[in-house]
$ cat model-v4.csv   # CSV, C-alpha atoms and all ligand atoms
chain,number,residue,atom,x,y,z
A,1,MET,CA,181.6,153.8,96.5
A,2,ARG,CA,184.5,152.4,98.5
A,3,GLU,CA,186.3,154.5,101.1
A,4,SER,CA,189.7,156.1,100.5
A,5,ILE,CA,192.6,154.4,102.3
A,6,ILE,CA,195.3,156.8,101.0
A,7,ARG,CA,194.7,160.5,100.7
A,8,ILE,CA,197.4,162.8,99.2
A,9,GLU,CA,197.0,166.5,99.5
A,10,HIS,CA,199.2,169.0,97.6
A,11,LEU,CA,202.3,166.9,98.4
A,12,SER,CA,205.7,168.2,97.3
A,13,LYS,CA,209.2,167.1,97.9
A,14,VAL,CA,212.1,169.3,97.0
A,15,PHE,CA,215.7,168.0,97.0
A,16,PRO,CA,218.7,170.4,97.0
A,17,SER,CA,221.2,169.8,94.2
A,18,LYS,CA,224.2,171.5,92.7
A,19,GLN,CA,222.1,172.7,89.8
A,20,GLY,CA,219.5,174.1,92.3
A,21,PRO,CA,216.5,172.7,94.0
A,22,VAL,CA,214.8,169.7,92.3
A,23,ALA,CA,211.0,169.3,92.8
A,24,ALA,CA,210.9,165.4,92.7
A,25,VAL,CA,207.2,165.6,93.7
A,26,ASP,CA,205.4,168.7,92.8
A,27,ASP,CA,202.0,169.5,94.3
A,28,ILE,CA,200.4,166.1,93.8
A,29,SER,CA,196.9,165.3,95.1
A,30,PHE,CA,194.9,162.1,94.7
A,31,GLU,CA,193.1,159.3,96.6
A,32,VAL,CA,193.4,155.6,96.5
A,33,LYS,CA,190.3,153.5,97.4
A,34,ARG,CA,190.5,150.5,99.7
A,35,GLY,CA,191.0,147.3,97.8
A,36,GLU,CA,192.3,148.9,94.6
A,37,ILE,CA,195.3,147.8,92.6
A,38,PHE,CA,196.7,151.2,91.8
A,39,GLY,CA,199.4,151.7,89.2
A,40,LEU,CA,202.0,154.5,89.4
A,41,LEU,CA,203.6,155.0,86.0
A,42,GLY,CA,206.1,157.5,84.6
A,43,PRO,CA,209.4,157.8,82.9
A,44,ASN,CA,212.7,157.6,84.8
A,45,GLY,CA,213.1,160.4,87.3
A,46,ALA,CA,209.4,161.2,87.3
A,47,GLY,CA,209.1,161.1,91.1
A,48,LYS,CA,207.5,157.7,91.6
A,49,SER,CA,210.1,156.4,94.1
A,50,THR,CA,210.1,159.7,96.0
A,51,LEU,CA,206.3,159.5,96.4
A,52,ILE,CA,206.5,155.9,97.6
A,53,ARG,CA,209.3,156.8,100.0
A,54,ILE,CA,207.1,159.5,101.5
A,55,LEU,CA,204.0,157.1,101.8
A,56,THR,CA,206.1,154.4,103.4
A,57,THR,CA,207.5,157.0,105.9
A,58,LEU,CA,211.1,156.7,104.8
A,59,ILE,CA,211.3,160.5,104.0
A,60,SER,CA,209.2,163.5,104.9
A,61,PRO,CA,207.5,165.7,102.4
A,62,SER,CA,208.6,169.3,102.0
A,63,SER,CA,205.0,170.5,102.0
A,64,GLY,CA,201.5,169.1,101.8
A,65,ALA,CA,200.2,166.0,103.6
A,66,ALA,CA,199.6,162.3,103.0
A,67,PHE,CA,197.2,160.2,105.0
A,68,ILE,CA,197.2,156.4,105.3
A,69,ASP,CA,193.8,155.5,106.8
A,70,SER,CA,193.5,158.3,109.4
A,71,TYR,CA,197.2,158.7,110.0
A,72,GLU,CA,199.4,161.4,108.5
A,73,VAL,CA,202.7,160.1,107.3
A,74,SER,CA,205.0,162.6,109.0
A,75,ALA,CA,203.0,162.7,112.3
A,76,SER,CA,202.4,158.9,112.8
A,77,PRO,CA,205.1,156.8,111.1
A,78,GLU,CA,204.9,154.0,113.7
A,79,GLN,CA,201.2,153.5,113.2
A,80,ILE,CA,201.6,153.6,109.4
A,81,ARG,CA,204.3,151.0,109.4
A,82,GLY,CA,201.9,148.5,111.0
A,83,LEU,CA,199.4,149.1,108.2
A,84,ILE,CA,201.8,148.7,105.2
A,85,GLY,CA,203.9,146.1,103.6
A,86,VAL,CA,206.8,147.0,101.3
A,87,CYS,CA,208.4,144.9,98.6
A,88,PRO,CA,211.4,146.9,97.4
A,89,GLN,CA,212.8,146.7,93.9
A,90,ASN,CA,216.1,145.2,95.0
A,91,SER,CA,215.9,141.9,96.8
A,92,THR,CA,216.5,141.9,100.5
A,93,LEU,CA,216.0,138.1,101.0
A,94,ASP,CA,218.8,136.4,102.9
A,95,GLN,CA,220.1,134.0,100.2
A,96,GLU,CA,221.7,131.6,102.8
A,97,LEU,CA,218.5,131.2,104.8
A,98,THR,CA,215.7,128.8,103.8
A,99,ALA,CA,212.3,130.1,102.5
A,100,TYR,CA,210.7,129.3,105.9
A,101,ASP,CA,213.5,131.1,107.9
A,102,ASN,CA,213.3,134.2,105.7
A,103,LEU,CA,209.6,134.5,106.5
A,104,GLU,CA,210.1,133.7,110.2
A,105,PHE,CA,212.9,136.3,110.5
A,106,TYR,CA,210.7,139.0,108.9
A,107,GLY,CA,207.7,138.0,111.0
A,108,ARG,CA,209.7,138.4,114.2
A,109,LEU,CA,210.8,141.8,113.0
A,110,GLN,CA,207.1,142.6,112.8
A,111,ASN,CA,206.7,141.5,116.5
A,112,MET,CA,204.4,138.6,115.5
A,113,GLU,CA,203.9,135.9,118.2
A,114,ASP,CA,204.9,132.3,117.3
A,115,ARG,CA,201.3,131.0,117.6
A,116,VAL,CA,200.2,133.5,114.9
A,117,LEU,CA,203.5,133.5,112.9
A,118,LYS,CA,204.0,129.8,112.3
A,119,PRO,CA,200.6,129.0,110.7
A,120,ARG,CA,200.9,132.3,108.7
A,121,ILE,CA,204.2,131.2,107.3
A,122,TRP,CA,202.8,127.9,106.1
A,123,GLN,CA,199.7,129.7,104.7
A,124,LEU,CA,202.0,132.0,102.7
A,125,LEU,CA,204.2,129.2,101.5
A,126,GLU,CA,201.2,127.3,100.3
A,127,MET,CA,199.9,130.5,98.5
A,128,THR,CA,203.2,130.7,96.6
A,129,GLY,CA,203.3,126.9,95.9
A,130,LEU,CA,206.7,126.8,97.7
A,131,GLN,CA,205.7,124.6,100.6
A,132,ASP,CA,207.8,121.7,99.3
A,133,ARG,CA,210.8,124.0,99.1
A,134,ALA,CA,210.2,125.5,102.6
A,135,ARG,CA,213.5,124.1,103.9
A,136,SER,CA,215.7,124.9,100.8
A,137,PRO,CA,218.0,127.9,100.9
A,138,VAL,CA,216.7,130.8,98.8
A,139,SER,CA,220.0,130.7,96.8
A,140,THR,CA,218.6,127.6,95.1
A,141,PHE,CA,215.4,129.3,93.9
A,142,SER,CA,214.6,130.7,90.4
A,143,GLY,CA,214.1,134.5,90.0
A,144,GLY,CA,210.3,134.0,90.0
A,145,MET,CA,210.3,131.9,93.1
A,146,LYS,CA,212.4,134.5,95.0
A,147,ARG,CA,210.1,137.3,93.8
A,148,LYS,CA,206.9,135.5,95.0
A,149,LEU,CA,208.5,134.8,98.3
A,150,GLU,CA,209.5,138.4,98.7
A,151,ILE,CA,206.0,139.6,97.9
A,152,VAL,CA,204.3,137.3,100.4
A,153,ARG,CA,207.0,138.2,103.0
A,154,ALA,CA,205.8,141.8,102.8
A,155,PHE,CA,202.3,140.5,103.4
A,156,ILE,CA,203.1,138.4,106.5
A,157,HIS,CA,201.5,140.8,109.0
A,158,LYS,CA,198.4,141.1,106.8
A,159,PRO,CA,198.9,144.8,106.0
A,160,ASP,CA,196.1,146.9,104.6
A,161,ILE,CA,198.3,148.2,101.9
A,162,LEU,CA,201.1,146.5,99.9
A,163,PHE,CA,203.7,148.6,98.1
A,164,LEU,CA,205.3,146.7,95.2
A,165,ASP,CA,208.2,148.5,93.4
A,166,GLU,CA,208.8,147.0,90.0
A,167,PRO,CA,207.7,143.5,91.1
A,168,THR,CA,208.6,141.7,87.9
A,169,ILE,CA,211.7,143.5,86.8
A,170,GLY,CA,214.2,141.1,85.3
A,171,LEU,CA,211.9,138.1,85.3
A,172,ASP,CA,211.1,135.9,82.3
A,173,PRO,CA,207.6,135.9,80.8
A,174,GLU,CA,206.5,132.7,82.6
A,175,SER,CA,207.7,134.0,86.0
A,176,ARG,CA,206.1,137.3,85.4
A,177,ARG,CA,202.7,135.7,84.8
A,178,GLU,CA,203.1,133.7,88.1
A,179,VAL,CA,203.9,136.9,90.0
A,180,TRP,CA,200.8,138.6,88.5
A,181,GLN,CA,198.7,135.7,89.7
A,182,GLN,CA,200.3,136.1,93.1
A,183,ILE,CA,199.4,139.8,93.2
A,184,GLU,CA,195.8,139.1,92.1
A,185,GLN,CA,195.5,136.5,94.8
A,186,LEU,CA,196.7,138.9,97.5
A,187,ASN,CA,194.3,141.5,96.3
A,188,VAL,CA,191.3,139.1,96.7
A,189,GLU,CA,191.6,139.7,100.5
A,190,GLU,CA,190.7,143.4,100.0
A,191,THR,CA,194.4,144.4,100.3
A,192,THR,CA,195.1,147.7,98.5
A,193,ILE,CA,198.1,147.3,96.2
A,194,ILE,CA,200.3,150.2,95.0
A,195,LEU,CA,202.4,149.1,92.1
A,196,THR,CA,205.1,151.0,90.3
A,197,THR,CA,206.1,149.4,87.0
A,198,HIS,CA,207.7,150.2,83.7
A,199,TYR,CA,205.8,147.4,82.0
A,200,MET,CA,202.7,148.7,80.4
A,201,ASP,CA,201.2,145.2,79.9
A,202,GLU,CA,201.6,144.6,83.7
A,203,ALA,CA,199.7,147.8,84.6
A,204,GLU,CA,197.1,147.1,82.0
A,205,ARG,CA,196.5,143.6,83.3
A,206,LEU,CA,196.6,144.3,87.0
A,207,CYS,CA,195.6,147.9,87.8
A,208,ASN,CA,192.1,149.2,88.5
A,209,ARG,CA,193.3,152.7,88.1
A,210,ILE,CA,196.6,154.2,86.8
A,211,ALA,CA,198.3,157.4,87.7
A,212,PHE,CA,200.9,158.9,85.3
A,213,VAL,CA,203.5,161.0,86.9
A,214,ASP,CA,206.0,163.1,84.9
A,215,GLN,CA,208.5,165.6,86.2
A,216,GLY,CA,207.0,165.4,89.7
A,217,ARG,CA,203.5,166.2,88.6
A,218,LEU,CA,200.4,164.1,88.2
A,219,ILE,CA,199.5,164.3,84.6
A,220,ALA,CA,196.6,161.8,84.4
A,221,LEU,CA,194.7,159.4,86.7
A,222,ASP,CA,191.9,157.2,85.6
A,223,THR,CA,190.8,153.7,84.8
A,224,MET,CA,192.3,152.0,81.7
A,225,GLU,CA,188.9,152.4,79.9
A,226,ASN,CA,188.7,156.1,80.6
A,227,LEU,CA,192.4,156.7,79.8
A,228,ARG,CA,191.7,155.1,76.4
A,229,ARG,CA,188.7,157.3,75.8
A,230,SER,CA,190.8,160.4,76.6
A,231,PHE,CA,193.2,159.5,73.8
A,232,PRO,CA,192.2,162.1,71.2
A,233,VAL,CA,192.1,159.8,68.2
A,234,GLY,CA,190.2,156.8,67.0
A,235,ASP,CA,192.6,154.4,65.4
A,236,LEU,CA,196.3,153.4,65.4
A,237,ILE,CA,197.8,151.9,62.3
A,238,GLU,CA,200.9,149.9,63.0
A,239,ILE,CA,202.7,149.1,59.7
A,240,GLY,CA,205.9,147.3,59.2
A,241,VAL,CA,208.2,148.5,56.4
A,242,VAL,CA,211.6,147.4,54.9
A,243,LYS,CA,213.3,150.7,55.7
A,244,ILE,CA,212.5,154.1,57.2
A,245,THR,CA,213.8,157.4,55.6
A,246,GLY,CA,213.1,161.0,56.4
A,247,ASP,CA,211.4,161.4,53.0
A,248,LEU,CA,209.0,158.6,53.7
A,249,LEU,CA,208.0,160.0,57.0
A,250,ALA,CA,207.6,163.5,55.6
A,251,ARG,CA,205.3,162.2,52.8
A,252,ILE,CA,203.2,160.1,55.2
A,253,ARG,CA,202.7,163.2,57.4
A,254,GLU,CA,201.3,165.0,54.4
A,255,ILE,CA,198.4,162.5,54.1
A,256,PRO,CA,195.2,164.2,55.2
A,257,GLN,CA,193.8,162.8,58.5
A,258,VAL,CA,197.2,161.6,59.7
A,259,GLY,CA,197.7,162.9,63.3
A,260,SER,CA,201.2,161.8,64.2
A,261,VAL,CA,203.8,159.2,63.2
A,262,ASP,CA,206.0,157.4,65.6
A,263,VAL,CA,208.9,155.1,64.6
A,264,ARG,CA,209.4,151.9,66.5
A,265,GLY,CA,212.2,149.9,65.0
A,266,LEU,CA,211.0,149.1,61.5
A,267,ASN,CA,207.4,149.8,62.4
A,268,LEU,CA,205.5,153.0,61.8
A,269,LEU,CA,202.8,153.9,64.3
A,270,ILE,CA,200.3,156.2,62.7
A,271,VAL,CA,197.6,157.9,64.7
A,272,THR,CA,194.5,158.8,62.8
A,273,ARG,CA,190.8,159.6,63.3
A,274,ASP,CA,189.8,157.0,60.8
A,275,ALA,CA,192.1,154.2,59.4
A,276,SER,CA,189.8,153.4,56.5
A,277,ILE,CA,190.3,156.9,55.0
A,278,VAL,CA,194.1,157.0,55.5
A,279,LEU,CA,194.9,153.4,54.4
A,280,PRO,CA,194.6,153.8,50.6
A,281,ASP,CA,196.8,156.9,50.6
A,282,LEU,CA,199.3,155.2,52.9
A,283,LEU,CA,199.7,152.2,50.6
A,284,ARG,CA,200.1,154.4,47.6
A,285,VAL,CA,203.0,156.3,49.3
A,286,LEU,CA,204.7,153.0,50.2
A,287,GLU,CA,204.4,151.9,46.6
A,288,GLN,CA,205.9,155.2,45.4
A,289,PHE,CA,208.9,154.7,47.7
A,290,SER,CA,209.2,151.0,46.6
A,291,ASN,CA,209.0,150.2,50.3
A,292,PRO,CA,206.9,147.0,50.6
A,293,MET,CA,204.7,146.6,53.7
A,294,THR,CA,205.8,143.7,55.9
A,295,SER,CA,202.9,143.7,58.3
A,296,ILE,CA,199.9,145.8,59.2
A,297,ALA,CA,197.6,146.0,62.3
A,298,ILE,CA,194.8,148.5,63.1
A,299,ARG,CA,194.0,148.7,66.7
A,300,SER,CA,192.8,150.9,69.6
A,301,PRO,CA,195.4,152.6,71.7
A,302,SER,CA,197.2,150.5,74.3
A,303,LEU,CA,198.4,151.8,77.6
A,304,GLU,CA,201.9,152.1,76.1
A,305,ASP,CA,200.4,154.4,73.3
A,306,ILE,CA,198.7,156.5,76.0
A,307,PHE,CA,202.0,156.7,78.0
A,308,ILE,CA,203.9,157.9,74.9
A,309,TYR,CA,201.1,160.4,74.1
A,310,LEU,CA,201.1,161.8,77.6
A,311,THR,CA,204.8,161.9,78.4
A,312,GLY,CA,206.4,162.0,74.9
A,313,GLN,CA,208.6,159.1,76.0
A,314,VAL,CA,208.7,155.4,75.3
A,315,PRO,CA,208.3,153.3,78.5
A,316,GLU,CA,211.7,152.2,79.7
A,317,SER,CA,211.0,148.4,79.3
A,318,ASP,CA,210.0,149.0,75.6
A,319,ALA,CA,212.9,151.3,74.9
A,320,ILE,CA,215.3,148.7,76.2
A,321,ALA,CA,213.7,146.0,74.0
A,322,THR,CA,213.6,148.0,70.7
A,323,GLY,CA,216.6,150.4,71.1
A,324,GLU,CA,214.2,153.2,70.2
A,325,VAL,CA,212.6,156.2,70.2
A,326,GLY,CA,210.6,159.4,70.5
A,327,ARG,CA,207.4,160.9,69.5
A,328,GLN,CA,207.3,162.6,66.2
A,329,ASP,CA,204.3,164.8,65.7
A,330,SER,CA,203.3,166.0,62.3
A,401,LIG,N1,218.0,162.1,97.6
A,401,LIG,C1,217.9,162.9,96.5
A,401,LIG,N2,218.6,164.0,96.3
A,401,LIG,C2,218.5,164.7,95.2
A,401,LIG,N3,217.7,164.5,94.2
A,401,LIG,C3,216.9,163.4,94.3
A,401,LIG,C4,217.0,162.5,95.4
A,401,LIG,N4,216.1,161.5,95.2
A,401,LIG,C5,215.5,161.7,94.0
A,401,LIG,N5,216.0,162.8,93.4
A,401,LIG,C6,215.7,163.4,92.1
A,401,LIG,O1,214.2,163.5,92.1
A,401,LIG,C7,213.7,163.2,90.8
A,401,LIG,C8,212.7,162.1,91.0
A,401,LIG,O2,213.4,160.9,91.3
A,401,LIG,P1,212.7,159.5,91.6
A,401,LIG,O3,213.7,158.5,92.0
A,401,LIG,O4,211.6,159.7,92.6
A,401,LIG,O5,212.0,159.1,90.2
A,401,LIG,P2,211.4,157.7,89.7
A,401,LIG,O6,210.1,158.1,89.0
A,401,LIG,O7,211.2,156.8,90.8
A,401,LIG,O8,212.5,157.2,88.7
A,401,LIG,P3,212.9,155.7,88.3
A,401,LIG,O9,211.7,155.1,87.5
A,401,LIG,O10,214.1,155.8,87.5
A,401,LIG,O11,213.1,154.9,89.6
A,401,LIG,C9,214.9,162.9,90.0
A,401,LIG,O12,215.3,164.0,89.3
A,401,LIG,C10,216.0,162.5,91.0
A,401,LIG,O13,217.3,162.8,90.4

$ encode --input "model-v4.csv" --output "structure tokens" --more "lines below"
Ligand SMILES: Nc1ncnc2c1ncn2[C@@H]1O[C@H](COP(=O)(O)OP(=O)(O)OP(=O)(O)O)[C@@H](O)[C@H]1O
Amino acid sequence: MRESIIRIEHLSKVFPSKQGPVAAVDDISFEVKRGEIFGLLGPNGAGKSTLIRILTTLISPSSGAAFIDSYEVSASPEQIRGLIGVCPQNSTLDQELTAYDNLEFYGRLQNMEDRVLKPRIWQLLEMTGLQDRARSPVSTFSGGMKRKLEIVRAFIHKPDILFLDEPTIGLDPESRREVWQQIEQLNVEETTIILTTHYMDEAERLCNRIAFVDQGRLIALDTMENLRRSFPVGDLIEIGVVKITGDLLARIREIPQVGSVDVRGLNLLIVTRDASIVLPDLLRVLEQFSNPMTSIAIRSPSLEDIFIYLTGQVPESDAIATGEVGRQDS
């Protein structure tokens, strides 16, 4: 068993507000092992950023404690800053400077000596495949190139832990894949990576373990495999239809063995213990409603399904894509 590099004990952060105190982080405890890629997921306002801001020493907790290695965040912020690298959601690259100069500037801020810094810059540029663009201003880079540069910049002083806040937000699919490869490559060196993301496929692909946070509380924490096992049903039937009406949903919910029905665009997501039992009844109902099926898939729950099950909300990236939704239990 690998040692823990982050230990969080009954951590809380309460902010004052006009409506009364808001518990952004509410009695959270967990540990992260050295070398893990650890995903922090949750709906908007769940408390992810507040937790990251505490761990990266930007704000102090109201109560509880958080340790990075052997240092407590409130007591030893200086030591902790040497152990961590942070890649924030909004770019802080200097667009007018070249890729090389951006890295050099940041390395100097980390008090790195020239003889260490210079080879490190070339090593990182090579890692990102940007060595040929080393002397080009960042303003001429694509979104994916900028993102990769920003991620390795946070890694310049070889931190033990890298915090990545929404690393692929706003990138096209091809650039996202490149950034994922970059993250995996950094993790090979035993770097622990804490990743917040709204993209379920990203968490599923990259993370060894995933923590779900909702309303400041930790509601689940496990490997993808175990999270999937904790989902209380066997199958998910995703069925495309021509139109969705209240009558149709009500009738489907009456079918024995149907657990819940979610609507996603023109797709119905039906949770059931056994798809083979439900399917004949389901097809009969669609026929009664003269509502032809346009597609069908039977699958095991994805991380997105688990997210919806646990939080009752569609992940933000998906909600934006489909203009949808909410959970509708039977
Ligand atoms: N400085 C602050 N003052 C008052 N309330 C705050 C402050 N920072 C955060 N909050 C509140 O704390 C709660 C958690 O916010 P936080 O930004 O940590 O959530 P999040 O999970 O990171 O959300 P998102 O995914 O949208 O970034 C929210 O209700 C937010 O309004």

$ residues_around --input "model-v4.csv" --residues "A:Val242" --least-positions-apart "6" --cutoff "7 Å" --atoms "all atoms listed in the file" --output "NGL selection string"
:A and (266 or 291-292 or 294)

$ closest_residue --input "model-v4.csv" --among "A:Ile59, A:Glu104, A:Phe212, A:Gly20" --to "A:Val73" --atoms "all atoms listed in the file"
A:Ile59

$ residues_near_ligand --input "model-v4.csv" --ligand "ligand LIG 401 (chain A)" --cutoff "9 Å" --atoms "only C-alpha atoms and all ligand atoms" --output "PyMOL selection string"
chain A and resi 13-17+21-25+40-53+165-166+196-198+213-216+316

$ write_last_selection --input "model-v4.csv" --atoms "C-alpha atoms" --output "PDB file, in the frame of the given file"
ATOM      1  CA  LYS A  13     209.200 167.100  97.900  1.00  0.00           C
ATOM      2  CA  VAL A  14     212.100 169.300  97.000  1.00  0.00           C
ATOM      3  CA  PHE A  15     215.700 168.000  97.000  1.00  0.00           C
ATOM      4  CA  PRO A  16     218.700 170.400  97.000  1.00  0.00           C
ATOM      5  CA  SER A  17     221.200 169.800  94.200  1.00  0.00           C
ATOM      6  CA  PRO A  21     216.500 172.700  94.000  1.00  0.00           C
ATOM      7  CA  VAL A  22     214.800 169.700  92.300  1.00  0.00           C
ATOM      8  CA  ALA A  23     211.000 169.300  92.800  1.00  0.00           C
ATOM      9  CA  ALA A  24     210.900 165.400  92.700  1.00  0.00           C
ATOM     10  CA  VAL A  25     207.200 165.600  93.700  1.00  0.00           C
ATOM     11  CA  LEU A  40     202.000 154.500  89.400  1.00  0.00           C
ATOM     12  CA  LEU A  41     203.600 155.000  86.000  1.00  0.00           C
ATOM     13  CA  GLY A  42     206.100 157.500  84.600  1.00  0.00           C
ATOM     14  CA  PRO A  43     209.400 157.800  82.900  1.00  0.00           C
ATOM     15  CA  ASN A  44     212.700 157.600  84.800  1.00  0.00           C
ATOM     16  CA  GLY A  45     213.100 160.400  87.300  1.00  0.00           C
ATOM     17  CA  ALA A  46     209.400 161.200  87.300  1.00  0.00           C
ATOM     18  CA  GLY A  47     209.100 161.100  91.100  1.00  0.00           C
ATOM     19  CA  LYS A  48     207.500 157.700  91.600  1.00  0.00           C
ATOM     20  CA  SER A  49     210.100 156.400  94.100  1.00  0.00           C
ATOM     21  CA  THR A  50     210.100 159.700  96.000  1.00  0.00           C
ATOM     22  CA  LEU A  51     206.300 159.500  96.400  1.00  0.00           C
ATOM     23  CA  ILE A  52     206.500 155.900  97.600  1.00  0.00           C
ATOM     24  CA  ARG A  53     209.300 156.800 100.000  1.00  0.00           C
ATOM     25  CA  ASP A 165     208.200 148.500  93.400  1.00  0.00           C
ATOM     26  CA  GLU A 166     208.800 147.000  90.000  1.00  0.00           C
ATOM     27  CA  THR A 196     205.100 151.000  90.300  1.00  0.00           C
ATOM     28  CA  THR A 197     206.100 149.400  87.000  1.00  0.00           C
ATOM     29  CA  HIS A 198     207.700 150.200  83.700  1.00  0.00           C
ATOM     30  CA  VAL A 213     203.500 161.000  86.900  1.00  0.00           C
ATOM     31  CA  ASP A 214     206.000 163.100  84.900  1.00  0.00           C
ATOM     32  CA  GLN A 215     208.500 165.600  86.200  1.00  0.00           C
ATOM     33  CA  GLY A 216     207.000 165.400  89.700  1.00  0.00           C
ATOM     34  CA  GLU A 316     211.700 152.200  79.700  1.00  0.00           C
TER      35      GLU A 316
END

$ closest_residue --input "model-v4.csv" --among "A:Glu190, A:Asp247, A:Glu202, A:Glu287" --to "A:Asp160" --atoms "all atoms listed in the file"
A:Glu190

$ residues_around --input "model-v4.csv" --residues "stretch 256-258 of chain A" --least-positions-apart "6" --cutoff "10 Å" --atoms "only C-alpha atoms" --output "MDAnalysis selection string"
chainID A and resid 270:275 277:278 281:282 329:330

$ residues_around --input "model-v4.csv" --residues "A:Gly64" --least-positions-apart "6" --cutoff "8 Å" --atoms "all atoms listed in the file" --output "PyMOL selection string"
chain A and resi 8-12+27

$ write_last_selection --input "model-v4.csv" --atoms "C-alpha atoms" --output "short mmCIF file (atom, residue, chain, number, x, y, z; two decimals), in the coordinates of the input"
data_model
loop_
_atom_site.label_atom_id
_atom_site.label_comp_id
_atom_site.auth_asym_id
_atom_site.auth_seq_id
_atom_site.Cartn_x
_atom_site.Cartn_y
_atom_site.Cartn_z
CA ILE A 8 197.40 162.80 99.20
CA GLU A 9 197.00 166.50 99.50
CA HIS A 10 199.20 169.00 97.60
CA LEU A 11 202.30 166.90 98.40
CA SER A 12 205.70 168.20 97.30
CA ASP A 27 202.00 169.50 94.30
#

$ atom_distance --input "model-v4.csv" --atom1 "atom CA of A:Thr128" --atom2 "atom CA of A:Leu149"
6.9 Å

$ atom_distance --input "model-v4.csv" --atom1 "atom CA of A:Thr98" --atom2 "atom CA of A:Met145"
12.4 Å

$ decode --input "model-v4.csv" --residues "stretch 12-25 of chain A" --atoms "N, CA, C and O atoms" --output "short mmCIF file (atom, residue, chain, number, x, y, z; two decimals), in the first residue's frame"
data_model
loop_
_atom_site.label_atom_id
_atom_site.label_comp_id
_atom_site.auth_asym_id
_atom_site.auth_seq_id
_atom_site.Cartn_x
_atom_site.Cartn_y
_atom_site.Cartn_z
N SER A 12 -13.48 21.99 7.40
CA SER A 12 -14.66 22.81 7.09
C SER A 12 -14.23 24.22 6.74
O SER A 12 -13.21 24.71 7.24
N LYS A 13 -15.01 24.85 5.87
CA LYS A 13 -14.80 26.27 5.58
C LYS A 13 -16.17 26.93 5.48
O LYS A 13 -17.00 26.55 4.65
N VAL A 14 -16.38 27.89 6.35
CA VAL A 14 -17.66 28.60 6.37
C VAL A 14 -17.41 30.04 5.92
O VAL A 14 -16.52 30.70 6.44
N PHE A 15 -18.18 30.48 4.90
CA PHE A 15 -18.10 31.87 4.44
C PHE A 15 -19.31 32.62 4.97
O PHE A 15 -20.43 32.09 4.92
N PRO A 16 -19.12 33.87 5.41
CA PRO A 16 -20.30 34.67 5.76
C PRO A 16 -21.00 35.10 4.48
O PRO A 16 -20.35 35.26 3.45
N SER A 17 -22.29 35.23 4.51
CA SER A 17 -23.02 35.80 3.37
C SER A 17 -24.27 36.49 3.88
O SER A 17 -24.65 36.30 5.05
N LYS A 18 -24.90 37.29 3.00
CA LYS A 18 -26.09 38.04 3.44
C LYS A 18 -27.20 37.10 3.90
O LYS A 18 -27.99 37.41 4.78
N GLN A 19 -27.24 35.90 3.27
CA GLN A 19 -28.29 34.94 3.63
C GLN A 19 -27.89 34.11 4.86
O GLN A 19 -28.60 33.21 5.26
N GLY A 20 -26.76 34.41 5.44
CA GLY A 20 -26.27 33.62 6.59
C GLY A 20 -25.03 32.85 6.17
O GLY A 20 -24.65 32.86 4.99
N PRO A 21 -24.38 32.16 7.13
CA PRO A 21 -23.12 31.48 6.83
C PRO A 21 -23.30 30.35 5.82
O PRO A 21 -24.30 29.63 5.85
N VAL A 22 -22.34 30.24 4.87
CA VAL A 22 -22.37 29.15 3.86
C VAL A 22 -21.23 28.19 4.17
O VAL A 22 -20.06 28.60 4.20
N ALA A 23 -21.58 26.92 4.39
CA ALA A 23 -20.54 25.90 4.64
C ALA A 23 -20.08 25.38 3.27
O ALA A 23 -20.65 24.44 2.73
N ALA A 24 -19.05 26.03 2.69
CA ALA A 24 -18.57 25.63 1.36
C ALA A 24 -17.89 24.26 1.43
O ALA A 24 -17.97 23.47 0.49
N VAL A 25 -17.21 24.00 2.53
CA VAL A 25 -16.63 22.67 2.80
C VAL A 25 -17.13 22.27 4.18
O VAL A 25 -17.01 23.03 5.13
#
